[in-house]
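Heads up, protein.txt below (compact mmCIF, C-alpha atoms):
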# COMPACT_ATOMS: atom_id res chain seq x y z
CA MET A 736 177.77 112.63 120.05
CA ALA A 737 176.11 110.59 117.32
CA VAL A 738 178.66 111.86 114.76
CA ILE A 739 181.59 110.86 117.00
CA LEU A 740 180.02 107.41 117.51
CA VAL A 741 179.64 106.95 113.76
CA LEU A 742 183.27 108.02 113.16
CA LEU A 743 184.53 105.59 115.79
CA ILE A 744 182.52 102.76 114.23
CA PHE A 745 183.79 103.57 110.75
CA GLY A 746 187.37 103.86 112.03
CA SER A 747 187.28 100.38 113.51
CA LEU A 748 185.89 98.75 110.35
CA SER A 749 187.75 97.37 107.38
CA LYS A 750 187.19 98.67 103.89
CA LEU A 751 184.53 96.01 103.28
CA GLY A 752 182.83 96.88 106.55
CA ILE A 753 182.89 100.56 105.68
CA PHE A 754 181.31 99.79 102.31
CA VAL A 755 178.57 97.67 103.87
CA ALA A 756 177.89 100.24 106.59
CA SER A 757 177.74 103.04 104.02
CA ALA A 758 175.28 101.05 101.91
CA CYS A 759 173.10 100.33 104.95
CA LEU A 760 173.09 103.98 105.99
CA THR A 761 172.21 105.02 102.45
CA ILE A 762 169.33 102.54 102.32
CA LEU A 763 168.14 103.63 105.76
CA THR A 764 168.24 107.28 104.72
CA LEU A 765 166.34 106.58 101.51
CA TRP A 766 163.77 104.54 103.44
CA LEU A 767 163.30 107.36 105.95
CA LEU A 768 162.87 109.93 103.19
CA ALA A 769 160.41 107.67 101.38
CA TYR A 770 158.45 107.11 104.60
CA LEU A 771 158.22 110.83 105.30
CA GLY A 772 157.21 111.55 101.71
CA ILE A 773 154.54 108.84 101.64
CA ARG A 774 153.16 109.94 105.01
CA SER A 775 152.96 113.54 103.84
CA MET A 776 151.27 112.51 100.59
CA PHE A 777 148.87 110.21 102.44
CA ARG A 778 147.85 112.96 104.86
CA ALA A 779 147.34 115.35 101.94
CA ARG A 780 145.13 112.82 100.14
CA ILE A 781 143.11 112.15 103.29
CA ALA A 782 142.71 115.86 103.90
CA SER A 783 141.55 116.57 100.36
CA ALA A 784 139.22 113.56 100.18
CA PHE A 785 137.63 113.61 103.62
CA ALA A 786 138.78 116.25 106.04
CA GLY A 787 139.51 119.36 103.97
CA ASP A 788 140.32 122.19 106.34
CA ASP A 789 139.26 120.08 109.32
CA LEU A 790 142.33 117.83 109.31
CA PRO A 791 143.74 119.39 112.52
CA GLU A 792 140.45 118.57 114.26
CA ILE A 793 140.65 114.99 113.02
CA MET A 794 144.21 114.72 114.30
CA LYS A 795 142.96 115.94 117.68
CA ASP A 796 140.34 113.19 117.63
CA LEU A 797 143.06 110.70 116.74
CA LYS A 798 145.04 111.82 119.78
CA VAL A 799 141.95 111.22 121.90
CA VAL A 800 141.75 107.67 120.56
CA ILE A 801 145.45 107.13 121.27
CA ASN A 802 144.98 108.31 124.86
CA THR A 803 141.89 106.12 125.34
CA PRO A 804 142.47 103.05 127.56
CA LEU A 805 143.13 99.91 125.58
CA ALA A 806 140.21 98.05 127.18
CA THR A 807 137.80 100.74 125.99
CA VAL A 808 139.21 100.68 122.47
CA LEU A 809 138.92 96.88 122.34
CA HIS A 810 135.33 97.09 123.58
CA LEU A 811 134.48 99.59 120.83
CA ILE A 812 136.15 97.43 118.19
CA VAL A 813 134.30 94.30 119.32
CA PHE A 814 131.01 96.21 119.47
CA ARG A 815 131.53 97.57 115.97
CA ALA A 816 132.53 94.18 114.59
CA THR A 817 129.47 92.57 116.19
CA SER A 818 127.19 95.22 114.69
CA ALA A 819 128.72 94.73 111.26
CA LEU A 820 128.39 90.96 111.56
CA LYS A 821 124.74 91.25 112.55
CA MET A 822 124.04 93.56 109.63
CA ILE A 823 125.72 91.19 107.20
CA THR A 824 123.86 88.25 108.71
CA ASP A 825 120.51 90.03 108.45
CA ILE A 826 121.16 90.94 104.83
CA PHE A 827 122.11 87.35 104.11
CA LEU A 828 118.99 86.03 105.85
CA ARG A 829 116.82 88.48 103.92
CA GLN A 830 118.29 87.18 100.69
CA ILE A 831 117.58 83.60 101.77
CA ARG A 832 114.01 84.55 102.68
CA ARG A 833 113.59 86.30 99.34
CA LEU A 834 114.75 83.18 97.51
CA GLN A 835 112.40 81.00 99.55
CA ILE A 836 109.42 83.23 98.80
CA HIS A 837 110.35 83.33 95.13
CA GLY A 838 110.56 79.55 95.04
CA LEU A 839 107.22 79.24 96.84
CA TYR A 840 105.36 81.48 94.41
CA LYS A 841 106.98 79.79 91.40
CA SER A 842 106.13 76.29 92.62
CA MET A 843 103.33 74.66 90.65
CA SER A 844 102.35 72.65 93.73
CA TRP A 845 101.38 75.86 95.53
CA LYS A 846 99.87 77.70 92.59
CA ASN A 847 96.54 79.32 93.57
CA ARG A 848 97.03 78.12 97.15
CA ILE A 849 98.92 81.09 98.62
CA VAL A 850 97.54 84.24 100.22
CA SER A 851 99.88 87.15 100.90
CA ASN A 852 99.37 89.61 103.73
CA ASN A 853 101.06 92.97 103.15
CA ILE A 854 99.87 95.97 105.13
CA TYR A 855 99.90 98.17 102.02
CA GLU A 856 97.53 95.97 99.97
CA LEU A 857 94.34 97.78 101.04
CA LYS A 858 95.80 101.23 100.47
CA GLY A 859 93.45 103.01 98.08
CA ALA A 860 90.89 100.19 98.14
CA ASP A 861 87.21 100.99 97.64
CA GLN A 862 84.48 100.77 100.27
CA LEU A 863 86.74 101.62 103.19
CA THR A 864 85.39 103.59 106.10
CA PRO A 865 87.25 106.72 107.24
CA GLU A 866 88.40 104.82 110.33
CA LEU A 867 89.87 102.02 108.22
CA LYS A 868 91.61 104.50 105.93
CA LYS A 869 93.11 106.24 108.95
CA VAL A 870 94.52 103.00 110.38
CA ILE A 871 95.87 101.83 107.01
CA HIS A 872 97.48 105.21 106.34
CA ALA A 873 99.11 105.24 109.79
CA ALA A 874 100.52 101.74 109.32
CA ASN A 875 101.81 102.48 105.82
CA SER A 876 103.44 105.72 106.97
CA MET A 877 105.32 104.00 109.77
CA PRO A 878 109.09 103.74 109.17
CA THR A 879 111.02 100.55 109.78
CA THR A 880 112.05 100.40 113.44
CA LEU A 881 113.48 97.98 115.97
CA TRP A 882 111.35 99.25 118.83
CA PHE A 883 108.65 101.76 119.66
CA SER A 884 109.30 104.80 121.80
CA GLN A 885 107.06 105.66 124.72
CA ASN A 886 105.45 108.45 122.71
CA GLU A 887 104.73 106.09 119.81
CA LYS A 888 103.18 103.61 122.22
CA LYS A 889 101.00 106.32 123.73
CA GLU A 890 99.93 107.41 120.24
CA GLY A 891 98.97 103.80 119.41
CA ALA A 892 101.54 103.20 116.66
CA LEU A 893 101.83 99.50 117.50
CA ASP A 894 98.04 99.12 117.64
CA ASP A 895 97.76 100.73 114.19
CA LEU A 896 100.28 98.29 112.78
CA ILE A 897 98.63 95.22 114.34
CA ALA A 898 95.11 96.33 113.41
CA CYS A 899 96.16 96.97 109.80
CA GLY A 900 97.69 93.50 109.59
CA GLN A 901 94.58 91.89 111.07
CA LEU A 902 92.05 93.59 108.83
CA THR A 903 94.24 93.11 105.74
CA LEU A 904 94.54 89.39 106.46
CA CYS A 905 90.80 89.15 107.02
CA SER A 906 90.05 90.88 103.72
CA ASN A 907 92.64 88.90 101.74
CA LEU A 908 91.48 85.54 103.10
CA ALA A 909 87.85 86.35 102.35
CA ASP A 910 88.69 87.43 98.80
CA TYR A 911 90.77 84.29 98.30
CA LEU A 912 88.03 81.93 99.49
CA LYS A 913 85.52 83.68 97.23
CA SER A 914 87.88 83.35 94.27
CA LEU A 915 88.15 79.57 94.74
CA LYS A 916 84.73 79.14 93.15
CA LYS A 917 85.64 81.13 90.05
CA GLY A 918 87.81 80.69 86.97
CA SER A 919 90.85 78.43 86.95
CA LYS A 920 90.95 78.16 90.73
CA ARG A 921 87.65 76.31 90.70
CA GLU A 922 89.18 73.45 88.74
CA MET A 923 92.63 73.54 90.33
CA VAL A 924 91.60 74.01 93.96
CA TRP A 925 87.86 74.04 94.68
CA ASN A 926 87.10 70.77 92.93
CA GLU A 927 90.07 69.16 94.67
CA VAL A 928 88.71 69.91 98.15
CA LYS A 929 85.15 68.68 97.79
CA ASP A 930 85.15 67.21 101.28
CA TYR A 931 85.84 70.62 102.83
CA HIS A 932 83.35 72.87 101.05
CA GLN A 933 81.17 73.29 104.13
CA GLU A 934 84.15 74.11 106.33
CA ILE A 935 85.43 76.66 103.81
CA ASP A 936 82.02 78.31 103.58
CA ALA A 937 81.87 78.45 107.38
CA VAL A 938 85.29 80.13 107.53
CA LEU A 939 84.19 82.62 104.87
CA GLU A 940 81.10 83.46 106.90
CA VAL A 941 83.23 84.11 109.98
CA LEU A 942 85.62 86.29 107.98
CA GLU A 943 82.75 88.37 106.61
CA HIS A 944 81.47 88.82 110.17
CA TYR A 945 84.94 89.88 111.27
CA TRP A 946 85.15 92.35 108.40
CA GLN A 947 81.92 94.01 109.46
CA ASN A 948 83.37 94.34 112.95
CA PHE A 949 86.51 95.93 111.49
CA ARG A 950 84.38 98.43 109.60
CA LEU A 951 82.70 99.43 112.86
CA ASP A 952 85.89 99.40 114.94
CA PRO A 953 89.31 98.67 113.39
CA TYR A 954 90.69 97.92 116.87
CA TRP A 955 87.96 95.55 118.04
CA MET A 956 90.18 92.46 117.96
CA ILE A 957 92.97 94.26 119.83
CA ARG A 958 90.51 95.48 122.45
CA MET A 959 89.16 91.95 122.88
CA TYR A 960 92.69 90.61 123.33
CA LYS A 961 93.59 93.30 125.87
CA ASP A 962 90.37 92.67 127.81
CA GLU A 963 91.12 88.94 127.93
CA GLN A 964 94.67 89.64 129.10
CA ALA A 965 93.41 91.98 131.80
CA GLU A 966 90.88 89.37 132.93
CA HIS A 967 93.54 86.66 133.09
CA GLU A 968 95.83 88.96 135.05
CA GLU A 969 93.05 89.74 137.51
CA GLN A 970 92.34 86.02 137.98
CA ARG A 971 96.02 85.38 138.56
CA ARG A 972 96.17 88.08 141.23
CA GLN A 973 93.13 86.65 142.96
CA ARG A 974 94.71 83.19 143.07
CA VAL A 975 97.88 84.65 144.57
Take the structure in the file and give it back as structure tokens.
Amino acid sequence: MAVILVLLIFGSLSKLGIFVASACLTILTLWLLAYLGIRSMFRARIASAFAGDDLPEIMKDLKVVINTPLATVLHLIVFRATSALKMITDIFLRQIRRLQIHGLYKSMSWKNRIVSNNIYELKGADQLTPELKKVIHAANSMPTTLWFSQNEKKEGALDDLIACGQLTLCSNLADYLKSLKKGSKREMVWNEVKDYHQEIDAVLEVLEHYWQNFRLDPYWMIRMYKDEQAEHEEQRRQRV
């Protein structure tokens, strides 16, 4: 039928029309052959690079995607794009934060006036009790996570992380305040805050008291907070 239709069309055309039609058919044929060849080559490259012998399985998965409702596909695309955007944004924000921290530590105005608080700073430190070492090791062994599972909460993973941060901050602040009276910091910082020497000594005394509490019980501050929260909750219930 198609052959008869082509013959009828060619029979009704002039010589110029026949020439143009022949050229168009030739171009169309070449384009079709090129398309089939490129598709075959592309599939072979994909198979060799990614799928190997599993290409038929991938094609089955592709058919599943084709048969998936359009609304579901759009939802998956939007979800994936949102996730990628969030990841890119987080990476960008981390870079900004890194630049800010770098600028802070390089600033002469803040030299000898900054105290860091990293949970790994006390790892391997001397004069740590076994309980402190256990908490610090647990916090340092914890992988990066967005949330804690119920099992991790029951095992006290969050408490380990908080306690390690608290006792590390306590130790770092105490060491920093002690260092203000020594070396170059004495001239650059201590002598510049003469009106606050008593307050600084009072803070140092409190920190040393806190540190002794941490040595006895690394979770003492967390327990105190939880007890206060429970007391406030009980008072709220009584008022209701």
Residue contacts of range 863-880 of chain A (6 Å, all atoms listed in the file) excluding same-chain residues fewer than 3 positions away, as a PyMOL selection string: chain A and resi 895-896+899
Distance criterion (all atoms listed in the file): nearest to Asn847 in chain A out of A:Asp962, A:Asp936, A:Glu922, A:Glu943: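 For Asn847 in chain A, the nearest of the candidates is A:Glu922.
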Neighbour list for Leu939 in chain A as a ChimeraX atom specification, cut-off 10 Å, all atoms listed in the file, skip fewer than 2 positions in-chain: /A:905,908-913,933-937,941-945
Atomic separation - CA of Ala898 in chain A relative to CA of Leu915 in chain A, Å: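 It comes out at 26.0 Å.
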Which centre and edge lengths in Å to one decimal define the box along x, y and z that fits every listed atom of range 893-904 of chain A plus 3 Å per side, as JSON?
{"center_x": 96.9, "center_y": 95.1, "center_z": 111.7, "size_x": 15.8, "size_y": 17.3, "size_z": 17.9}
